[in-house]
>>> print(open('upload_10.cif').read())   # mmCIF, C-alpha atoms
data_final
#
loop_
_atom_site.label_atom_id
_atom_site.label_comp_id
_atom_site.auth_asym_id
_atom_site.auth_seq_id
_atom_site.Cartn_x
_atom_site.Cartn_y
_atom_site.Cartn_z
CA MET A 1 -26.15 40.75 82.43
CA SER A 2 -27.42 39.69 85.85
CA GLY A 3 -30.64 41.24 87.14
CA GLN A 4 -32.16 41.99 83.74
CA PRO A 5 -35.31 40.14 82.68
CA PHE A 6 -34.58 37.57 80.05
CA THR A 7 -37.26 38.04 77.37
CA GLY A 8 -35.47 37.54 74.08
CA GLY A 9 -34.87 33.82 73.99
CA PHE A 10 -31.28 33.21 73.07
CA ARG A 11 -30.85 36.65 71.48
CA SER A 12 -28.88 39.37 73.21
CA HIS A 13 -30.35 42.83 73.84
CA LEU A 14 -28.14 44.26 71.10
CA GLY A 15 -29.16 41.54 68.69
CA ARG A 16 -32.83 42.35 69.20
CA ALA A 17 -32.32 46.10 68.79
CA ARG A 18 -30.36 45.80 65.55
CA GLY A 19 -32.23 46.71 62.41
CA LEU A 20 -35.06 48.42 64.29
CA GLY A 21 -33.76 51.96 64.15
CA ALA A 22 -31.66 54.43 62.23
CA SER A 23 -28.58 53.78 64.32
CA HIS A 24 -25.44 54.94 62.51
CA HIS A 25 -27.39 55.70 59.32
CA GLY A 26 -28.72 59.15 60.22
CA ALA A 27 -25.54 61.12 59.52
CA GLY A 28 -24.90 59.40 56.20
CA HIS A 29 -28.50 59.92 55.10
CA TRP A 30 -28.38 63.58 56.14
CA LEU A 31 -25.10 64.17 54.31
CA SER A 32 -26.09 62.41 51.08
CA TYR A 33 -29.30 64.45 50.91
CA ARG A 34 -27.24 67.67 51.26
CA LEU A 35 -24.66 66.62 48.68
CA LEU A 36 -27.38 65.78 46.16
CA SER A 37 -28.97 69.16 46.91
CA VAL A 38 -25.67 70.85 46.04
CA ALA A 39 -25.58 68.90 42.77
CA TYR A 40 -29.15 69.95 42.12
CA VAL A 41 -28.38 73.68 41.99
CA PRO A 42 -26.49 73.69 38.64
CA LEU A 43 -28.86 71.03 37.26
CA ALA A 44 -31.88 73.19 38.13
CA VAL A 45 -30.36 76.20 36.37
CA TRP A 46 -29.57 74.09 33.29
CA PHE A 47 -33.07 72.60 33.38
CA VAL A 48 -34.83 75.98 33.49
CA ILE A 49 -32.70 77.35 30.63
CA SER A 50 -33.42 74.18 28.59
CA VAL A 51 -37.16 74.34 29.18
CA VAL A 52 -37.23 78.05 28.33
CA ARG A 53 -35.43 77.33 25.05
CA HIS A 54 -38.08 74.69 24.22
CA ALA A 55 -41.15 76.69 25.18
CA GLY A 56 -43.79 75.77 22.59
CA ALA A 57 -41.39 73.52 20.67
CA ASP A 58 -42.62 70.54 18.68
CA GLN A 59 -41.64 66.92 19.32
CA ALA A 60 -38.98 66.90 16.61
CA ALA A 61 -37.10 69.78 18.24
CA VAL A 62 -37.14 68.14 21.68
CA ALA A 63 -36.09 64.79 20.19
CA GLU A 64 -33.22 66.48 18.39
CA TRP A 65 -32.18 68.25 21.59
CA LEU A 66 -32.07 65.01 23.61
CA LYS A 67 -30.09 63.23 20.87
CA SER A 68 -27.05 65.12 22.13
CA PRO A 69 -25.23 62.91 24.66
CA VAL A 70 -24.49 65.95 26.85
CA ASN A 71 -28.16 66.96 27.04
CA ALA A 72 -29.31 63.36 27.57
CA THR A 73 -26.78 62.88 30.39
CA LEU A 74 -27.77 66.11 32.13
CA MET A 75 -31.47 65.25 31.70
CA LEU A 76 -30.97 61.78 33.20
CA LEU A 77 -29.10 63.33 36.15
CA THR A 78 -31.86 65.92 36.57
CA VAL A 79 -34.54 63.20 36.54
CA GLY A 80 -32.63 61.06 39.04
CA VAL A 81 -31.84 63.84 41.50
CA THR A 82 -35.32 65.38 41.16
CA PHE A 83 -37.22 62.22 42.06
CA HIS A 84 -34.75 61.25 44.79
CA HIS A 85 -35.07 64.73 46.32
CA ALA A 86 -38.87 64.64 45.98
CA ALA A 87 -39.15 61.20 47.59
CA TYR A 88 -36.99 62.04 50.59
CA GLY A 89 -38.35 65.57 50.94
CA MET A 90 -41.90 64.23 51.03
CA GLN A 91 -40.78 61.61 53.56
CA GLU A 92 -39.74 64.45 55.91
CA VAL A 93 -43.10 66.15 55.39
CA PHE A 94 -45.08 62.96 56.06
CA GLU A 95 -42.96 62.15 59.11
CA ASP A 96 -43.99 65.50 60.56
CA TYR A 97 -47.68 65.58 59.68
CA VAL A 98 -48.95 62.00 59.33
CA HIS A 99 -49.46 60.31 62.66
CA GLY A 100 -49.87 56.62 63.24
CA LYS A 101 -47.15 54.18 62.34
CA MET A 102 -49.18 52.30 59.72
CA ALA A 103 -50.50 55.38 57.88
CA LYS A 104 -47.03 56.95 57.90
CA THR A 105 -45.35 53.81 56.59
CA VAL A 106 -47.95 53.34 53.83
CA VAL A 107 -47.93 56.95 52.60
CA ILE A 108 -44.12 57.20 52.62
CA GLY A 109 -43.78 53.82 50.91
CA ALA A 110 -46.37 54.75 48.26
CA THR A 111 -44.64 58.08 47.56
CA LYS A 112 -41.25 56.40 47.17
CA ALA A 113 -42.71 53.72 44.90
CA LEU A 114 -44.40 56.37 42.72
CA CYS A 115 -41.20 58.45 42.54
CA LEU A 116 -39.19 55.37 41.55
CA LEU A 117 -41.74 54.44 38.89
CA LEU A 118 -41.80 57.96 37.41
CA ALA A 119 -38.00 58.24 37.57
CA VAL A 120 -37.48 54.98 35.67
CA ALA A 121 -40.23 55.79 33.13
CA SER A 122 -38.75 59.28 32.55
CA GLY A 123 -35.26 57.82 32.27
CA VAL A 124 -36.41 55.25 29.71
CA ALA A 125 -38.08 58.05 27.73
CA VAL A 126 -34.86 60.10 27.69
CA LEU A 127 -32.80 57.04 26.67
CA LYS A 128 -35.26 56.17 23.92
CA LEU A 129 -34.87 59.65 22.40
CA ALA A 130 -31.11 59.73 23.02
CA LEU A 131 -30.50 56.37 21.37
CA GLY A 132 -32.99 57.09 18.60
CA ALA A 133 -35.00 53.90 19.07
CA MET B 1 -55.13 88.68 71.20
CA THR B 2 -55.42 92.01 72.99
CA ASP B 3 -57.87 90.78 75.63
CA THR B 4 -55.94 87.60 76.33
CA PRO B 5 -54.33 87.93 79.76
CA ALA B 6 -50.60 87.39 79.60
CA ALA B 7 -49.31 84.44 81.57
CA THR B 8 -47.57 85.54 84.73
CA THR B 9 -45.47 83.73 87.26
CA PRO B 10 -47.66 83.45 90.41
CA ARG B 11 -45.18 84.61 93.04
CA THR B 12 -43.21 87.34 91.25
CA GLY B 13 -46.00 88.47 88.89
CA ARG B 14 -43.47 88.70 86.11
CA GLN B 15 -44.79 88.23 82.58
CA ARG B 16 -43.81 85.02 80.88
CA PRO B 17 -43.59 84.36 77.14
CA LEU B 18 -46.67 82.82 75.57
CA SER B 19 -46.44 79.85 73.32
CA PRO B 20 -47.01 80.93 69.69
CA HIS B 21 -50.58 79.90 68.88
CA LEU B 22 -50.62 79.85 65.09
CA GLN B 23 -54.09 81.44 64.77
CA VAL B 24 -53.20 84.64 66.59
CA TYR B 25 -49.44 84.81 66.23
CA ARG B 26 -47.95 86.85 63.40
CA LEU B 27 -45.20 84.60 62.06
CA PRO B 28 -41.80 86.28 61.70
CA LEU B 29 -40.12 86.23 58.28
CA PRO B 30 -37.83 83.25 59.01
CA ALA B 31 -40.90 81.18 59.95
CA ILE B 32 -42.83 82.25 56.84
CA SER B 33 -39.86 81.49 54.59
CA SER B 34 -39.52 78.10 56.29
CA ILE B 35 -43.11 77.03 55.64
CA THR B 36 -42.88 78.50 52.13
CA HIS B 37 -39.91 76.18 51.52
CA ARG B 38 -42.09 73.20 52.45
CA ILE B 39 -45.09 74.33 50.42
CA THR B 40 -42.96 74.99 47.31
CA GLY B 41 -41.32 71.59 47.79
CA ILE B 42 -44.71 69.86 47.89
CA GLY B 43 -45.87 71.85 44.84
CA LEU B 44 -42.71 70.93 42.94
CA THR B 45 -43.24 67.27 43.80
CA VAL B 46 -46.65 67.53 42.12
CA GLY B 47 -44.87 69.23 39.21
CA THR B 48 -42.65 66.19 38.70
CA LEU B 49 -45.78 64.47 37.32
CA VAL B 50 -45.80 66.98 34.46
CA LEU B 51 -42.05 66.56 33.92
CA ALA B 52 -42.55 62.80 33.57
CA TRP B 53 -45.58 63.34 31.30
CA TRP B 54 -43.57 65.78 29.13
CA LEU B 55 -40.61 63.38 28.70
CA ILE B 56 -42.72 60.24 28.17
CA ALA B 57 -44.89 62.07 25.62
CA ALA B 58 -41.80 63.30 23.78
CA ALA B 59 -40.60 59.69 23.53
CA SER B 60 -44.07 58.47 22.45
CA GLY B 61 -44.37 60.66 19.37
CA PRO B 62 -45.57 63.97 17.91
CA ASP B 63 -49.27 63.50 18.76
CA ALA B 64 -48.75 62.72 22.44
CA PHE B 65 -46.25 65.57 22.70
CA ALA B 66 -48.61 68.02 21.02
CA THR B 67 -51.21 67.16 23.70
CA VAL B 68 -48.79 68.06 26.53
CA GLN B 69 -47.62 71.24 24.84
CA GLY B 70 -51.27 72.16 24.19
CA PHE B 71 -52.09 71.76 27.88
CA LEU B 72 -48.99 73.67 29.00
CA GLY B 73 -49.79 76.44 26.51
CA SER B 74 -53.35 76.87 27.79
CA VAL B 75 -54.22 79.51 30.39
CA ILE B 76 -54.30 76.93 33.20
CA GLY B 77 -51.06 75.39 31.95
CA GLN B 78 -49.32 78.77 31.81
CA LEU B 79 -50.51 79.68 35.32
CA LEU B 80 -49.27 76.33 36.64
CA LEU B 81 -45.92 76.82 34.90
CA LEU B 82 -45.66 80.34 36.32
CA GLY B 83 -46.25 78.94 39.81
CA TRP B 84 -43.75 76.14 39.29
CA THR B 85 -41.16 78.58 37.92
CA TRP B 86 -41.39 80.71 41.04
CA ALA B 87 -41.51 77.61 43.30
CA LEU B 88 -38.39 76.16 41.67
CA TRP B 89 -36.44 79.42 42.02
CA TYR B 90 -37.62 79.98 45.57
CA HIS B 91 -36.87 76.41 46.63
CA THR B 92 -33.44 76.61 44.95
CA LEU B 93 -32.45 79.95 46.52
CA ASN B 94 -33.88 79.06 49.92
CA GLY B 95 -32.30 75.61 49.61
CA ILE B 96 -28.90 77.28 49.20
CA ARG B 97 -29.77 79.25 52.34
CA HIS B 98 -30.44 75.96 54.15
CA LEU B 99 -27.12 74.55 52.92
CA VAL B 100 -25.35 77.64 54.29
CA TRP B 101 -27.14 77.15 57.63
CA ASP B 102 -25.99 73.51 57.64
CA THR B 103 -22.40 74.76 57.75
CA GLY B 104 -23.31 76.68 60.91
CA LYS B 105 -23.18 80.12 59.28
CA GLY B 106 -25.82 82.82 58.80
CA LEU B 107 -27.95 81.81 61.78
CA GLU B 108 -27.92 85.21 63.51
CA LEU B 109 -31.14 87.24 63.50
CA GLY B 110 -29.92 89.83 60.97
CA ALA B 111 -28.56 87.22 58.58
CA ALA B 112 -31.73 85.12 58.91
CA TYR B 113 -33.85 88.10 57.82
CA ARG B 114 -31.45 89.10 55.04
CA GLY B 115 -31.53 85.55 53.67
CA GLY B 116 -35.32 85.56 53.72
CA TYR B 117 -35.50 88.80 51.76
CA ILE B 118 -32.98 87.43 49.23
CA SER B 119 -35.03 84.23 48.78
CA TYR B 120 -38.27 86.12 48.14
CA GLY B 121 -36.83 88.99 46.12
CA GLY B 122 -34.42 86.83 44.16
CA SER B 123 -37.03 84.21 43.27
CA VAL B 124 -39.50 86.85 42.04
CA ALA B 125 -36.75 88.54 39.97
CA LEU B 126 -35.57 85.24 38.47
CA THR B 127 -39.16 84.24 37.68
CA ILE B 128 -39.75 87.49 35.77
CA LEU B 129 -36.42 87.02 33.96
CA THR B 130 -37.27 83.41 33.07
CA TRP B 131 -40.63 84.38 31.59
CA ILE B 132 -39.23 87.32 29.66
CA ALA B 133 -36.65 84.91 28.20
CA ALA B 134 -39.31 82.29 27.42
CA TYR B 135 -41.47 84.75 25.51
CA ALA B 136 -38.71 86.81 23.90
CA LEU B 137 -36.53 83.96 22.62
#
>>> encode(input="upload_10.cif", output="structure tokens")
Amino acid sequence: MSGQPFTGGFRSHLGRARGLGASHHGAGHWLSYRLLSVAYVPLAVWFVISVVRHAGADQAAVAEWLKSPVNATLMLLTVGVTFHHAAYGMQEVFEDYVHGKMAKTVVIGATKALCLLLAVASGVAVLKLALGA
Amino acid sequence: MTDTPAATTPRTGRQRPLSPHLQVYRLPLPAISSITHRITGIGLTVGTLVLAWWLIAAASGPDAFATVQGFLGSVIGQLLLLGWTWALWYHTLNGIRHLVWDTGKGLELGAAYRGGYISYGGSVALTILTWIAAYAL
């Protein structure tokens, strides 16, 4: 350690760097996004078929459809994966096109918050129909 | 860009590749399919608002749901749904292409073009099929 300027009080260089970057998280993040994308393929196909079968349907038909535990489960998974994928996909877009640390942080944070809000609200709606409340 | 002098190396006079200025550079298919992937992704993110609206309205009751279905059944609603149908199929097919690339396969020039044609052709075909099914069933 000799010869290096001592600027961090009692903290070591490693201690100061920890938590400030994506060290060791990048690969896991990359892989989980891919795995969820793989899961999304059959869900997307199921979702399109379901929506097509309910084109122009009334509320009673949709409520009846989501009463089935299988449909409710698949819909909850679709909602979860959709909003997760949207939040992290938009993060990549903003990281590329929004410059300035503050603007980038705010717009990514706001997108993730909105996606979380919509995911939970959609999930509650599905559960309400599924459980017949 | 015909009257733009090509960059040359001073001593040898040999022509050097120009950087692709987006205004004058005709993007090759892999580049167009790449930016299309992004644009469809952004469009689909906007579409999640309608998905949430549709589900929440269904849970709220017949009146709220009739409002959503009325909007989606209007000309604007149908055009938006047509766009989202194609965007979802394109993003799904091209997403599979990205997953294949992530395994290190299909990155050669020929395969990259073939994949692009499959993404565009397949998504248009699946969109037509989806809408025939929606109206016929």
>>> interface_residues(input="upload_10.cif", of="chain A", to="chain B", cutoff="8 Å", atoms="all atoms listed in the file", output="count of residues only")
31
>>> atom_distance(input="upload_10.cif", atom1="atom CA of Cys115 of chain A", atom2="atom CA of Leu76 of chain A")
14.2 Å
>>> atom_distance(input="upload_10.cif", atom1="atom CA of Ala39 of chain A", atom2="atom CA of Gly80 of chain A")
11.2 Å
>>> atom_distance(input="upload_10.cif", atom1="atom CA of Gly100 of chain A", atom2="atom CA of Arg18 of chain A")
22.4 Å
>>> closest_residue(input="upload_10.cif", among="A:Tyr33, A:Tyr40, A:Tyr97, A:Trp46", to="Val70 of chain A", atoms="only C-alpha atoms")
A:Trp46
>>> resolve_selection(input="upload_10.cif", expression="the PyMOL selection byres ((chain A and resi 91) around 9)", output="mmCIF file with C-alpha atoms, in the frame of the given file")
data_model
loop_
_atom_site.group_PDB
_atom_site.id
_atom_site.type_symbol
_atom_site.label_atom_id
_atom_site.label_comp_id
_atom_site.auth_asym_id
_atom_site.auth_seq_id
_atom_site.Cartn_x
_atom_site.Cartn_y
_atom_site.Cartn_z
ATOM 1 C CA ALA A 86 -38.870 64.640 45.980
ATOM 2 C CA ALA A 87 -39.150 61.200 47.590
ATOM 3 C CA TYR A 88 -36.990 62.040 50.590
ATOM 4 C CA GLY A 89 -38.350 65.570 50.940
ATOM 5 C CA MET A 90 -41.900 64.230 51.030
ATOM 6 C CA GLU A 92 -39.740 64.450 55.910
ATOM 7 C CA VAL A 93 -43.100 66.150 55.390
ATOM 8 C CA PHE A 94 -45.080 62.960 56.060
ATOM 9 C CA GLU A 95 -42.960 62.150 59.110
ATOM 10 C CA ASP A 96 -43.990 65.500 60.560
ATOM 11 C CA LYS A 104 -47.030 56.950 57.900
ATOM 12 C CA VAL A 107 -47.930 56.950 52.600
ATOM 13 C CA ILE A 108 -44.120 57.200 52.620
ATOM 14 C CA GLY A 109 -43.780 53.820 50.910
ATOM 15 C CA THR A 111 -44.640 58.080 47.560
ATOM 16 C CA LYS A 112 -41.250 56.400 47.170
#
>>> residues_around(input="upload_10.cif", residues="segment 109-124 of chain B", least_positions_apart="2", cutoff="7 Å", atoms="only C-alpha atoms", output="PDB file with C-alpha atoms, in the frame of the given file")
ATOM      1  CA  LEU B  29     -40.120  86.230  58.280  1.00  0.00           C
ATOM      2  CA  PRO B  30     -37.830  83.250  59.010  1.00  0.00           C
ATOM      3  CA  SER B  33     -39.860  81.490  54.590  1.00  0.00           C
ATOM      4  CA  TRP B  86     -41.390  80.710  41.040  1.00  0.00           C
ATOM      5  CA  TRP B  89     -36.440  79.420  42.020  1.00  0.00           C
ATOM      6  CA  TYR B  90     -37.620  79.980  45.570  1.00  0.00           C
ATOM      7  CA  LEU B  93     -32.450  79.950  46.520  1.00  0.00           C
ATOM      8  CA  ASN B  94     -33.880  79.060  49.920  1.00  0.00           C
ATOM      9  CA  ARG B  97     -29.770  79.250  52.340  1.00  0.00           C
ATOM     10  CA  GLY B 106     -25.820  82.820  58.800  1.00  0.00           C
ATOM     11  CA  LEU B 107     -27.950  81.810  61.780  1.00  0.00           C
ATOM     12  CA  LEU B 126     -35.570  85.240  38.470  1.00  0.00           C
ATOM     13  CA  THR B 127     -39.160  84.240  37.680  1.00  0.00           C
ATOM     14  CA  ILE B 128     -39.750  87.490  35.770  1.00  0.00           C
TER      15      ILE B 128
END
>>> decode(input="upload_10.cif", residues="segment 5-129 of chain B", atoms="C-alpha atoms", output="mmCIF file, in the first residue's frame")
data_model
loop_
_atom_site.group_PDB
_atom_site.id
_atom_site.type_symbol
_atom_site.label_atom_id
_atom_site.label_comp_id
_atom_site.auth_asym_id
_atom_site.auth_seq_id
_atom_site.Cartn_x
_atom_site.Cartn_y
_atom_site.Cartn_z
ATOM 1 C CA PRO B 5 -14.424 12.574 -51.583
ATOM 2 C CA ALA B 6 -13.470 9.223 -50.138
ATOM 3 C CA ALA B 7 -10.982 9.331 -47.308
ATOM 4 C CA THR B 8 -7.553 8.219 -48.426
ATOM 5 C CA THR B 9 -4.395 7.407 -46.570
ATOM 6 C CA PRO B 10 -1.986 10.311 -47.319
ATOM 7 C CA ARG B 11 1.139 8.370 -48.239
ATOM 8 C CA THR B 12 -0.231 5.342 -50.104
ATOM 9 C CA GLY B 13 -3.367 7.023 -51.498
ATOM 10 C CA ARG B 14 -5.320 3.906 -50.681
ATOM 11 C CA GLN B 15 -9.036 4.359 -50.010
ATOM 12 C CA ARG B 16 -10.117 3.891 -46.435
ATOM 13 C CA PRO B 17 -13.566 2.920 -45.181
ATOM 14 C CA LEU B 18 -15.825 5.799 -44.205
ATOM 15 C CA SER B 19 -17.666 5.823 -40.949
ATOM 16 C CA PRO B 20 -21.379 5.137 -41.565
ATOM 17 C CA HIS B 21 -23.086 8.525 -41.312
ATOM 18 C CA LEU B 22 -26.718 7.615 -40.694
ATOM 19 C CA GLN B 23 -28.147 10.312 -43.002
ATOM 20 C CA VAL B 24 -26.415 9.073 -46.140
ATOM 21 C CA TYR B 25 -25.695 5.451 -45.344
ATOM 22 C CA ARG B 26 -28.131 2.787 -46.507
ATOM 23 C CA LEU B 27 -28.450 0.516 -43.487
ATOM 24 C CA PRO B 28 -27.955 -3.189 -44.222
ATOM 25 C CA LEU B 29 -30.738 -5.602 -43.247
ATOM 26 C CA PRO B 30 -29.146 -6.729 -39.951
ATOM 27 C CA ALA B 31 -28.958 -3.082 -38.847
ATOM 28 C CA ILE B 32 -32.565 -2.377 -39.863
ATOM 29 C CA SER B 33 -33.807 -5.494 -38.068
ATOM 30 C CA SER B 34 -31.810 -4.452 -35.005
ATOM 31 C CA ILE B 35 -33.366 -0.988 -34.745
ATOM 32 C CA THR B 36 -36.777 -2.503 -35.551
ATOM 33 C CA HIS B 37 -36.321 -4.776 -32.527
ATOM 34 C CA ARG B 38 -35.814 -1.708 -30.338
ATOM 35 C CA ILE B 39 -38.696 0.255 -31.827
ATOM 36 C CA THR B 40 -41.113 -2.687 -31.478
ATOM 37 C CA GLY B 41 -39.910 -3.158 -27.891
ATOM 38 C CA ILE B 42 -40.649 0.483 -27.067
ATOM 39 C CA GLY B 43 -44.048 0.235 -28.787
ATOM 40 C CA LEU B 44 -44.893 -2.923 -26.855
ATOM 41 C CA THR B 45 -43.926 -1.212 -23.603
ATOM 42 C CA VAL B 46 -46.523 1.452 -24.417
ATOM 43 C CA GLY B 47 -48.930 -1.400 -25.168
ATOM 44 C CA THR B 48 -48.537 -2.764 -21.638
ATOM 45 C CA LEU B 49 -50.609 0.256 -20.534
ATOM 46 C CA VAL B 50 -53.546 -1.139 -22.511
ATOM 47 C CA LEU B 51 -52.952 -4.637 -21.119
ATOM 48 C CA ALA B 52 -53.125 -3.236 -17.581
ATOM 49 C CA TRP B 53 -56.207 -1.153 -18.479
ATOM 50 C CA TRP B 54 -57.904 -4.236 -20.002
ATOM 51 C CA LEU B 55 -57.270 -6.426 -16.927
ATOM 52 C CA ILE B 56 -58.126 -3.755 -14.345
ATOM 53 C CA ALA B 57 -61.331 -2.884 -16.226
ATOM 54 C CA ALA B 58 -62.305 -6.561 -16.380
ATOM 55 C CA ALA B 59 -61.909 -6.749 -12.598
ATOM 56 C CA SER B 60 -63.827 -3.472 -12.093
ATOM 57 C CA GLY B 61 -67.038 -4.575 -13.798
ATOM 58 C CA PRO B 62 -69.040 -4.735 -17.032
ATOM 59 C CA ASP B 63 -69.251 -0.959 -17.598
ATOM 60 C CA ALA B 64 -65.523 -0.289 -17.294
ATOM 61 C CA PHE B 65 -64.792 -3.326 -19.458
ATOM 62 C CA ALA B 66 -67.262 -2.232 -22.116
ATOM 63 C CA THR B 67 -65.383 1.098 -22.328
ATOM 64 C CA VAL B 68 -62.056 -0.674 -23.050
ATOM 65 C CA GLN B 69 -63.602 -3.056 -25.554
ATOM 66 C CA GLY B 70 -65.332 -0.089 -27.210
ATOM 67 C CA PHE B 71 -62.017 1.723 -27.590
ATOM 68 C CA LEU B 72 -60.213 -1.392 -28.850
ATOM 69 C CA GLY B 73 -63.044 -2.043 -31.313
ATOM 70 C CA SER B 74 -62.872 1.476 -32.780
ATOM 71 C CA VAL B 75 -60.855 2.222 -35.916
ATOM 72 C CA ILE B 76 -57.986 3.713 -33.893
ATOM 73 C CA GLY B 77 -58.131 0.811 -31.447
ATOM 74 C CA GLN B 78 -58.037 -1.766 -34.245
ATOM 75 C CA LEU B 79 -55.102 -0.011 -35.943
ATOM 76 C CA LEU B 80 -53.213 0.085 -32.636
ATOM 77 C CA LEU B 81 -53.959 -3.600 -32.032
ATOM 78 C CA LEU B 82 -52.816 -4.446 -35.569
ATOM 79 C CA GLY B 83 -49.540 -2.623 -34.897
ATOM 80 C CA TRP B 84 -49.086 -4.313 -31.534
ATOM 81 C CA THR B 85 -49.861 -7.735 -33.045
ATOM 82 C CA TRP B 86 -47.113 -7.303 -35.618
ATOM 83 C CA ALA B 87 -44.740 -5.768 -33.024
ATOM 84 C CA LEU B 88 -45.286 -8.685 -30.636
ATOM 85 C CA TRP B 89 -44.666 -11.300 -33.343
ATOM 86 C CA TYR B 90 -41.652 -9.448 -34.711
ATOM 87 C CA HIS B 91 -40.138 -8.901 -31.265
ATOM 88 C CA THR B 92 -40.782 -12.569 -30.376
ATOM 89 C CA LEU B 93 -39.266 -14.002 -33.581
ATOM 90 C CA ASN B 94 -36.359 -11.567 -33.596
ATOM 91 C CA GLY B 95 -35.925 -12.164 -29.858
ATOM 92 C CA ILE B 96 -35.476 -15.879 -30.576
ATOM 93 C CA ARG B 97 -32.885 -14.814 -33.158
ATOM 94 C CA HIS B 98 -31.088 -12.829 -30.444
ATOM 95 C CA LEU B 99 -31.197 -15.843 -28.107
ATOM 96 C CA VAL B 100 -29.632 -17.982 -30.855
ATOM 97 C CA TRP B 101 -26.918 -15.337 -31.322
ATOM 98 C CA ASP B 102 -26.282 -15.399 -27.563
ATOM 99 C CA THR B 103 -25.252 -19.049 -27.910
ATOM 100 C CA GLY B 104 -22.650 -17.928 -30.453
ATOM 101 C CA LYS B 105 -24.448 -19.397 -33.476
ATOM 102 C CA GLY B 106 -25.882 -17.813 -36.616
ATOM 103 C CA LEU B 107 -23.562 -14.800 -36.621
ATOM 104 C CA GLU B 108 -22.181 -15.319 -40.136
ATOM 105 C CA LEU B 109 -23.269 -12.888 -42.851
ATOM 106 C CA GLY B 110 -25.550 -15.368 -44.654
ATOM 107 C CA ALA B 111 -27.230 -16.528 -41.460
ATOM 108 C CA ALA B 112 -27.653 -12.931 -40.264
ATOM 109 C CA TYR B 113 -29.544 -12.048 -43.462
ATOM 110 C CA ARG B 114 -31.594 -15.260 -43.413
ATOM 111 C CA GLY B 115 -32.630 -14.562 -39.822
ATOM 112 C CA GLY B 116 -33.669 -11.037 -40.748
ATOM 113 C CA TYR B 117 -35.856 -12.258 -43.603
ATOM 114 C CA ILE B 118 -37.437 -14.862 -41.295
ATOM 115 C CA SER B 119 -38.196 -12.202 -38.648
ATOM 116 C CA TYR B 120 -39.884 -9.867 -41.138
ATOM 117 C CA GLY B 121 -41.640 -12.507 -43.239
ATOM 118 C CA GLY B 122 -42.647 -14.648 -40.288
ATOM 119 C CA SER B 123 -44.023 -11.736 -38.266
ATOM 120 C CA VAL B 124 -46.124 -10.481 -41.199
ATOM 121 C CA ALA B 125 -47.448 -14.018 -41.843
ATOM 122 C CA LEU B 126 -48.278 -14.594 -38.167
ATOM 123 C CA THR B 127 -49.974 -11.187 -37.948
ATOM 124 C CA ILE B 128 -52.227 -12.014 -40.916
ATOM 125 C CA LEU B 129 -52.967 -15.434 -39.391
#
